[in-house]
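Presented below is the structure to which this report refers.
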Amino acid sequence: MAKKIKDENGNTYVQKKPLYKKVWFWIVVVLAVFVIGGAFGGDSDDTSSSSSKTEQKTSNDSSSSSTAESSSTSESSSSEKVSAEYRAALRKAQSYSDNMYMSKKGVYDQLTSEAGEQFPADAAQYAVDHVKADWNKNALEKAKSYQENMDMSVEAIRDQLTSEAGEQFTQEEADYAIQHLDK
């Protein structure tokens, strides 16, 4: 609310509040802090969580840690020969495998989909051919999710895992998942 002031001649003037005393100014400042903080803070959290997952995996299996180190070294040297688009597709494929437990066909479809990542078919094929994924483990994790969260029967889970409209795992991967599912 502006304050009205009269001078000695009887003229009325409106004295406005300084910018920093206006409510809308502070709302904008708070929103800007959240947006900037989210932009910078979100990336570091994702990186630290994925690196902590990698550390957990290597600490759980010490015999494979030397293999993992050598494969990541060879991957970094071979990635210099690969285009940035192929490397981006590979990183996205690894994310889908590690976080969403998708099938090989599901990852490929997501990478090439118009509603998805829109990578060219050759980049998506490179990604699924080079991603470090245990497709049996992914099928098992999906099966556990269906069993725990959706109370599905074993046969319904098998159908969902192998369906073209579902997860698109191979029959062998679905069989592995069903065999190792808690019954």
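Residue names in the structure tokens use chain letters A, B, ... in the order shown, residue numbers from 1 in each chain, and ligand numbers from 1 in the order shown.
Contact shell of A:Arg158 at 8 Å (only C-alpha atoms; same-chain neighbours under 3 positions omitted): Ala143, Val154, Glu155, Leu161, Thr162, Ala174, Asp175 and Ile178 of chain A.
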Just write the chosen residues, N, CA and C atoms, as a PDB file, in the first residue's frame.
ATOM      1  N   ALA A 143       9.778 -58.686 -12.108  1.00  0.00           N
ATOM      2  CA  ALA A 143       8.846 -59.693 -11.605  1.00  0.00           C
ATOM      3  C   ALA A 143       8.560 -59.467 -10.122  1.00  0.00           C
ATOM      4  N   VAL A 154       1.773 -65.762 -10.715  1.00  0.00           N
ATOM      5  CA  VAL A 154       3.014 -66.111 -11.389  1.00  0.00           C
ATOM      6  C   VAL A 154       2.810 -66.115 -12.909  1.00  0.00           C
ATOM      7  N   GLU A 155       1.726 -66.686 -13.369  1.00  0.00           N
ATOM      8  CA  GLU A 155       1.478 -66.734 -14.817  1.00  0.00           C
ATOM      9  C   GLU A 155       1.187 -65.348 -15.384  1.00  0.00           C
ATOM     10  N   LEU A 161       5.887 -60.046 -18.441  1.00  0.00           N
ATOM     11  CA  LEU A 161       7.316 -59.935 -18.756  1.00  0.00           C
ATOM     12  C   LEU A 161       7.598 -60.172 -20.236  1.00  0.00           C
ATOM     13  N   THR A 162       6.857 -61.089 -20.871  1.00  0.00           N
ATOM     14  CA  THR A 162       7.151 -61.441 -22.260  1.00  0.00           C
ATOM     15  C   THR A 162       6.267 -60.723 -23.277  1.00  0.00           C
ATOM     16  N   ALA A 174      12.308 -64.398 -18.778  1.00  0.00           N
ATOM     17  CA  ALA A 174      11.093 -64.513 -17.962  1.00  0.00           C
ATOM     18  C   ALA A 174      11.109 -65.809 -17.156  1.00  0.00           C
ATOM     19  N   ASP A 175      11.553 -66.908 -17.771  1.00  0.00           N
ATOM     20  CA  ASP A 175      11.650 -68.182 -17.056  1.00  0.00           C
ATOM     21  C   ASP A 175      12.619 -68.064 -15.878  1.00  0.00           C
ATOM     22  N   ILE A 178      10.884 -66.104 -13.083  1.00  0.00           N
ATOM     23  CA  ILE A 178       9.857 -66.870 -12.397  1.00  0.00           C
ATOM     24  C   ILE A 178      10.477 -67.930 -11.500  1.00  0.00           C
TER      25      ILE A 178
END
At a cut-off of 10 Å, using only C-alpha atoms, what residues contact A:Tyr13? Leave out same-chain residues fewer than 3 positions from it and give the result as a PyMOL selection string.
chain A and resi 2-7+10+16
Could you dump the residues just selected with C-alpha atoms as an mmCIF file, in the first residue's frame?
data_model
loop_
_atom_site.group_PDB
_atom_site.id
_atom_site.type_symbol
_atom_site.label_atom_id
_atom_site.label_comp_id
_atom_site.auth_asym_id
_atom_site.auth_seq_id
_atom_site.Cartn_x
_atom_site.Cartn_y
_atom_site.Cartn_z
ATOM 1 C CA ALA A 2 1.466 3.313 -1.085
ATOM 2 C CA LYS A 3 1.692 6.156 1.410
ATOM 3 C CA LYS A 4 0.200 9.539 0.488
ATOM 4 C CA ILE A 5 2.164 12.606 1.487
ATOM 5 C CA LYS A 6 1.067 16.248 1.273
ATOM 6 C CA ASP A 7 3.653 18.958 0.812
ATOM 7 C CA GLY A 10 -1.164 21.152 -0.457
ATOM 8 C CA LYS A 16 6.099 4.075 -3.085
#
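Residues lying within 6 Å of stretch 86-94 of chain A, counting only C-alpha atoms and ignoring same-chain neighbours fewer than 6 positions away, are Ala123, Ala127 and Val131 of chain A.
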Saved selection, atoms kept: N, CA and C atoms, as a short mmCIF file (atom, residue, chain, number, x, y, z; two decimals), in the first residue's frame:
data_model
loop_
_atom_site.label_atom_id
_atom_site.label_comp_id
_atom_site.auth_asym_id
_atom_site.auth_seq_id
_atom_site.Cartn_x
_atom_site.Cartn_y
_atom_site.Cartn_z
N ALA A 123 22.30 -45.62 -33.29
CA ALA A 123 22.79 -45.23 -31.97
C ALA A 123 22.15 -46.09 -30.88
N ALA A 127 23.91 -48.77 -28.35
CA ALA A 127 23.71 -48.67 -26.90
C ALA A 127 23.31 -50.02 -26.30
N VAL A 131 25.70 -51.87 -23.58
CA VAL A 131 25.29 -51.59 -22.21
C VAL A 131 25.71 -52.76 -21.31
#
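With distances taken over only C-alpha atoms, A:Lys144 is the one residue among A:Tyr20, A:Lys144, A:Gln168, A:Val28 lying closest to A:His180.
For the pair atom CA of A:Ser153 and atom CA of A:Trp135, the separation is 21.4 Å.
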To one decimal in Å, tell me the separation between atom CA of A:Ala139 and atom CA of A:Ala177.
5.6 Å
Mind pulling up the distance from atom CA of A:Phe34 to atom CA of A:Lys21?
20.4 Å
Which neighbours of stretch 109-115 of chain A fall inside 7 Å, counting only C-alpha atoms, when residues of the same chain fewer than 5 positions from it are skipped, and could you give them as number ranges by chain?
A: 120-121, 124
Among stretch 74-155 of chain A, which ones does DSSP place in alpha helix (DSSP H), written as a PyMOL selection string?
chain A and resi 74-79+84-100+104-112+121-130+135-150+154-155
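The protein and nucleic acid residues lying at most 12 Å from A:Ser163 are Ser103, Lys105, Gly106, Glu155, Ala156, Ile157, Phe169, Thr170, Gln171 and Ala174 of chain A, with only C-alpha atoms considered and sequence neighbours fewer than 6 positions away removed.
For the set A:Lys22, A:Lys104, A:Lys17, A:Lys81, the residue with the smallest atom-to-atom gap to A:Gln125 is A:Lys104, counting only C-alpha atoms.
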